[in-house]
Amino acid sequence: MKYIDGFRNPAAASRLRERITDLAGTLKRSGRTATIMEVCGTHTMAIARFGIRDILPDNVDLISGPGCPVCVTEPGYIDAAITLAKKDAMIVTFGDMINVPGSDMTLAQCRAQGASIEVAYSPSSAVALAQQHPDREVVFLAIGFETTIAPVTTLVGTAAGKGIRNLSLLTAFKLVPPALKVLMADPTLEIDAFLCPAHVSAIIGSDAYIPYTGPKGVPCVIAGFEPLDILLGIEGILKQLINEKAEVENQYNRVVRPEGNIKAKKLMEKYLQPVDARWRGLGLVTNSGLEIRREYETFDARKKHNIKIRKGKEPAGCLCGDVIKGKLKPTACPLFAAGCTPDHAVGPCMISSEGSCAAYYKYSR
Ligand code: SF4
């Protein structure tokens, strides 16, 4: 608790705020603004929760990026899971996914019609369910970024080791760095810097951002999730912008190493291979996903059950694609807090606990 308090120290936060205000003033005097994208959904929640957006000078804008795994997963993925459920597979998923709309219904609605959909808090629940129901096909909905990919991937090793044949993974894994490339290339966004994710960076390492820096790049500053972490990250970005630098800076070096977590990376490499992946809002991004390697394809639900994941149909009126891309603030969606609230959510950005719309609704109205 003492440790956490240190990163929420009000006096230190005030000093940082003053320094940020001074730096922003320097930028302003040369007619410049700073548009900073926080890439991670947990950052989005923390920024909203601690009111950080509200204390920033008016020429420093924080926009949310594609860092919520549930939000970037397209409706066609839910459709595929529902198709499997209707074929009598037992679907195992993390909580937020159950209420995300597919083209025609959610997994929760499918369950209400009698399908077997189980909510799990850990991937190991899928193994336990497969062992308890040897006569059923169990399909785990394997979504997430680098942080969750490694632990979820252990399912394949565990199932292979235990000789479990009725478990497979419907993968929609996403890798963060390739998405940065797409965002930087979009001329409508004009992103000046990335506040890079903490947990993802602990896996991939700070060196993973080097390709996005340099003469054609932008500052990439890794920050933790506490208020002082985030303010330090913003301060670091402003200093780089003033000095016209674009470097990787690791403000979260109490956790993140340049090389990342080698063990986790090896585990991913053992079971998974790169693949082009579709993201809500970003479309098809080259080598931005991971799928199960051929030698383990009996655990790949797509191949085992011969199912294709298509794009699917977005919920009517929902602008999550633009919100995910940082093109639109949640409050600019006509449905925000009107037709779309956490109790009656229209799109995944309001449903997910890491969604931008949920963060703005909870803390910034
Ligand atoms: S407010 Fe609701 S409808 Fe609008 S973008 Fe967010 S989730 Fe979609």
# chains A, B, ... in the order shown; residues from 1 in each chain; ligands from 1
>>> select_by_dssp(residues="segment 209-238 of chain A", states="alpha helix (DSSP H)", output="MDAnalysis selection string")
chainID A and resid 227:238
>>> residues_around(residues="segment 127-129 of chain A", least_positions_apart="5", cutoff="8 Å", atoms="only C-alpha atoms", output="ChimeraX atom specification")
/A:138,155,158-159,167
>>> residues_around(residues="segment 297-312 of chain A", least_positions_apart="4", cutoff="6 Å", atoms="only C-alpha atoms", output="list in words")
Pro75, Gly76, Tyr77, Ala80, Ser103, Ser168, Leu169 and Leu170 of chain A
>>> write_last_selection(atoms="N, CA, C and O atoms", output="PDB file, in the first residue's frame")
ATOM      1  N   PRO A  75     -16.864  -8.148 -34.977  1.00  0.00           N
ATOM      2  CA  PRO A  75     -18.073  -8.939 -34.696  1.00  0.00           C
ATOM      3  C   PRO A  75     -18.062 -10.328 -35.341  1.00  0.00           C
ATOM      4  O   PRO A  75     -18.682 -11.263 -34.822  1.00  0.00           O
ATOM      5  N   GLY A  76     -17.338 -10.463 -36.444  1.00  0.00           N
ATOM      6  CA  GLY A  76     -17.275 -11.770 -37.110  1.00  0.00           C
ATOM      7  C   GLY A  76     -16.670 -12.850 -36.225  1.00  0.00           C
ATOM      8  O   GLY A  76     -16.970 -14.041 -36.377  1.00  0.00           O
ATOM      9  N   TYR A  77     -15.826 -12.442 -35.290  1.00  0.00           N
ATOM     10  CA  TYR A  77     -15.233 -13.413 -34.357  1.00  0.00           C
ATOM     11  C   TYR A  77     -16.318 -13.966 -33.421  1.00  0.00           C
ATOM     12  O   TYR A  77     -16.395 -15.160 -33.164  1.00  0.00           O
ATOM     13  N   ALA A  80     -18.400 -16.375 -35.273  1.00  0.00           N
ATOM     14  CA  ALA A  80     -17.785 -17.710 -35.386  1.00  0.00           C
ATOM     15  C   ALA A  80     -17.977 -18.496 -34.082  1.00  0.00           C
ATOM     16  O   ALA A  80     -18.280 -19.700 -34.112  1.00  0.00           O
ATOM     17  N   SER A 103     -22.759 -10.096 -35.236  1.00  0.00           N
ATOM     18  CA  SER A 103     -23.607  -9.474 -36.270  1.00  0.00           C
ATOM     19  C   SER A 103     -25.081  -9.519 -35.889  1.00  0.00           C
ATOM     20  O   SER A 103     -25.836  -8.590 -36.170  1.00  0.00           O
ATOM     21  N   SER A 168      -9.896 -26.830 -27.958  1.00  0.00           N
ATOM     22  CA  SER A 168      -9.217 -26.049 -29.008  1.00  0.00           C
ATOM     23  C   SER A 168      -9.386 -24.560 -28.709  1.00  0.00           C
ATOM     24  O   SER A 168     -10.198 -24.165 -27.876  1.00  0.00           O
ATOM     25  N   LEU A 169      -8.577 -23.762 -29.386  1.00  0.00           N
ATOM     26  CA  LEU A 169      -8.581 -22.301 -29.170  1.00  0.00           C
ATOM     27  C   LEU A 169      -9.054 -21.603 -30.436  1.00  0.00           C
ATOM     28  O   LEU A 169      -8.552 -21.898 -31.523  1.00  0.00           O
ATOM     29  N   LEU A 170     -10.009 -20.698 -30.280  1.00  0.00           N
ATOM     30  CA  LEU A 170     -10.399 -19.831 -31.402  1.00  0.00           C
ATOM     31  C   LEU A 170      -9.589 -18.550 -31.213  1.00  0.00           C
ATOM     32  O   LEU A 170      -9.908 -17.720 -30.361  1.00  0.00           O
TER      33      LEU A 170
END
>>> residues_around(residues="Ile63 of chain A", least_positions_apart="2", cutoff="7 Å", atoms="only C-alpha atoms", output="PDB file with C-alpha atoms, in the first residue's frame")
ATOM      1  CA  ILE A  36      -0.383  11.954 -27.486  1.00  0.00           C
ATOM      2  CA  MET A  37      -2.006   8.574 -28.010  1.00  0.00           C
ATOM      3  CA  GLU A  38      -2.242   6.313 -24.978  1.00  0.00           C
ATOM      4  CA  ASP A  61      -4.320  16.314 -25.990  1.00  0.00           C
ATOM      5  CA  GLY A  65      -5.823   4.091 -29.041  1.00  0.00           C
ATOM      6  CA  GLY A 326      -8.268   7.830 -31.898  1.00  0.00           C
TER       7      GLY A 326
END
>>> closest_residue(among="A:Gly41, A:Pro151, A:Pro69, A:Pro215", to="Leu195 of chain A", atoms="only C-alpha atoms")
A:Gly41
>>> residues_around(residues="Thr73 of chain A", least_positions_apart="2", cutoff="6 Å", atoms="only C-alpha atoms", output="ChimeraX atom specification")
/A:70-71,280
>>> closest_residue(among="A:Thr213, A:Thr171, A:Thr154, A:Ser122", to="Ala81 of chain A", atoms="only C-alpha atoms")
A:Thr171
>>> closest_residue(among="A:Pro123, A:Ala89, A:Gln251, A:Ile20", to="Val152 of chain A", atoms="only C-alpha atoms")
A:Pro123
>>> atom_distance(atom1="atom CA of Val248 of chain A", atom2="atom CA of Val221 of chain A")
5.8 Å
>>> residues_around(residues="segment 350-363 of chain A", least_positions_apart="3", cutoff="8 Å", atoms="only C-alpha atoms", output="ChimeraX atom specification")
/A:41-42,44-45,48-49,51,64,68,70-71,96-97,99-100,323-324,330-331,336-337,340-342,345-347
>>> write_last_selection(atoms="N, CA and C atoms", output="CSV table (one decimal), in the first residue's frame")
chain,number,residue,atom,x,y,z
A,41,GLY,N,-5.5,0.2,-23.1
A,41,GLY,CA,-6.8,0.4,-22.5
A,41,GLY,C,-6.7,0.6,-21.0
A,42,THR,N,-5.7,0.0,-20.3
A,42,THR,CA,-5.6,0.2,-18.9
A,42,THR,C,-5.1,1.6,-18.6
A,44,THR,N,-6.0,4.1,-20.5
A,44,THR,CA,-7.2,4.9,-20.8
A,44,THR,C,-8.0,5.0,-19.5
A,45,MET,N,-8.2,3.8,-18.8
A,45,MET,CA,-9.0,3.8,-17.6
A,45,MET,C,-8.3,4.6,-16.5
A,48,ALA,N,-8.6,8.4,-17.1
A,48,ALA,CA,-9.9,8.9,-16.8
A,48,ALA,C,-10.1,8.9,-15.3
A,49,ARG,N,-9.8,7.8,-14.6
A,49,ARG,CA,-10.0,7.6,-13.2
A,49,ARG,C,-9.3,8.7,-12.4
A,51,GLY,N,-8.3,11.6,-13.4
A,51,GLY,CA,-8.6,13.0,-13.9
A,51,GLY,C,-7.5,13.6,-14.6
A,64,SER,N,-7.2,8.2,-27.1
A,64,SER,CA,-7.1,6.8,-26.7
A,64,SER,C,-6.9,6.0,-28.0
A,68,CYS,N,-7.6,-1.9,-26.2
A,68,CYS,CA,-8.6,-2.8,-25.5
A,68,CYS,C,-8.8,-4.0,-26.4
A,70,VAL,N,-10.8,-6.6,-26.3
A,70,VAL,CA,-12.2,-6.9,-26.6
A,70,VAL,C,-12.7,-5.9,-27.7
A,71,CYS,N,-12.3,-4.7,-27.6
A,71,CYS,CA,-12.8,-3.6,-28.5
A,71,CYS,C,-12.3,-3.9,-29.9
A,96,ASP,N,-15.9,-10.1,-20.3
A,96,ASP,CA,-16.4,-9.0,-21.1
A,96,ASP,C,-16.9,-9.4,-22.5
A,97,MET,N,-16.4,-10.5,-23.0
A,97,MET,CA,-16.7,-10.9,-24.3
A,97,MET,C,-18.2,-11.4,-24.4
A,99,ASN,N,-20.9,-10.1,-23.6
A,99,ASN,CA,-22.0,-9.1,-23.9
A,99,ASN,C,-21.6,-8.3,-25.2
A,100,VAL,N,-20.5,-8.7,-25.8
A,100,VAL,CA,-20.1,-8.0,-27.1
A,100,VAL,C,-21.0,-8.4,-28.2
A,323,VAL,N,-13.4,5.5,-32.6
A,323,VAL,CA,-12.9,5.7,-31.2
A,323,VAL,C,-11.6,4.9,-31.0
A,324,ILE,N,-11.6,3.7,-31.5
A,324,ILE,CA,-10.4,2.8,-31.3
A,324,ILE,C,-9.2,3.4,-32.0
A,330,PRO,N,-14.9,9.5,-27.4
A,330,PRO,CA,-16.2,8.8,-27.1
A,330,PRO,C,-17.4,9.8,-27.0
A,331,THR,N,-17.1,10.9,-26.3
A,331,THR,CA,-18.3,11.9,-26.1
A,331,THR,C,-18.8,12.4,-27.4
A,336,PHE,N,-23.4,8.2,-27.3
A,336,PHE,CA,-22.7,8.2,-26.0
A,336,PHE,C,-23.6,8.8,-24.9
A,337,ALA,N,-23.9,8.0,-23.9
A,337,ALA,CA,-24.7,8.4,-22.7
A,337,ALA,C,-26.2,8.7,-23.2
A,340,CYS,N,-26.4,4.7,-25.7
A,340,CYS,CA,-25.4,3.8,-25.3
A,340,CYS,C,-24.9,4.1,-23.9
A,341,THR,N,-25.1,3.2,-22.9
A,341,THR,CA,-24.6,3.4,-21.6
A,341,THR,C,-24.1,2.0,-21.1
A,342,PRO,N,-23.3,1.9,-20.0
A,342,PRO,CA,-22.9,0.6,-19.6
A,342,PRO,C,-24.0,-0.4,-19.4
A,345,ALA,N,-25.4,-1.1,-23.4
A,345,ALA,CA,-24.2,-0.8,-24.2
A,345,ALA,C,-24.5,-1.2,-25.7
A,346,VAL,N,-24.1,-0.4,-26.6
A,346,VAL,CA,-24.3,-0.7,-28.0
A,346,VAL,C,-23.0,-1.3,-28.6
A,347,GLY,N,-21.9,-0.8,-28.2
A,347,GLY,CA,-20.6,-1.3,-28.8
A,347,GLY,C,-19.6,-1.8,-27.8
>>> residues_around(residues="Gly205 of chain A", least_positions_apart="6", cutoff="12 Å", atoms="only C-alpha atoms", output="ChimeraX atom specification")
/A:146-147,176-177,196-199,222,248-250,252-253,255-262,264-265
>>> closest_residue(among="A:Gly31, A:Ala316, A:Lys325, A:Phe94", to="ligand 1", atoms="only C-alpha atoms and all ligand atoms")
A:Ala316
>>> atom_distance(atom1="atom CA of Ala46 of chain A", atom2="atom CA of Asn9 of chain A")
15.2 Å
>>> select_by_dssp(residues="segment 14-259 of chain A", states="strand (DSSP E or B)", output="PyMOL selection string")
chain A and resi 34-38+60-64+90-93+117-119+138-144+167-174+193-196+220-222+248-250
>>> closest_residue(among="A:Ala142, A:Ile82, A:Lys181, A:Pro101", to="ligand 1", atoms="only C-alpha atoms and all ligand atoms")
A:Pro101
>>> atom_distance(atom1="atom CA of Phe194 of chain A", atom2="atom CA of Pro219 of chain A")
6.3 Å
>>> closest_residue(among="A:Ala150, A:Cys220, A:Leu27, A:Val72", to="ligand 1", atoms="only C-alpha atoms and all ligand atoms")
A:Val72
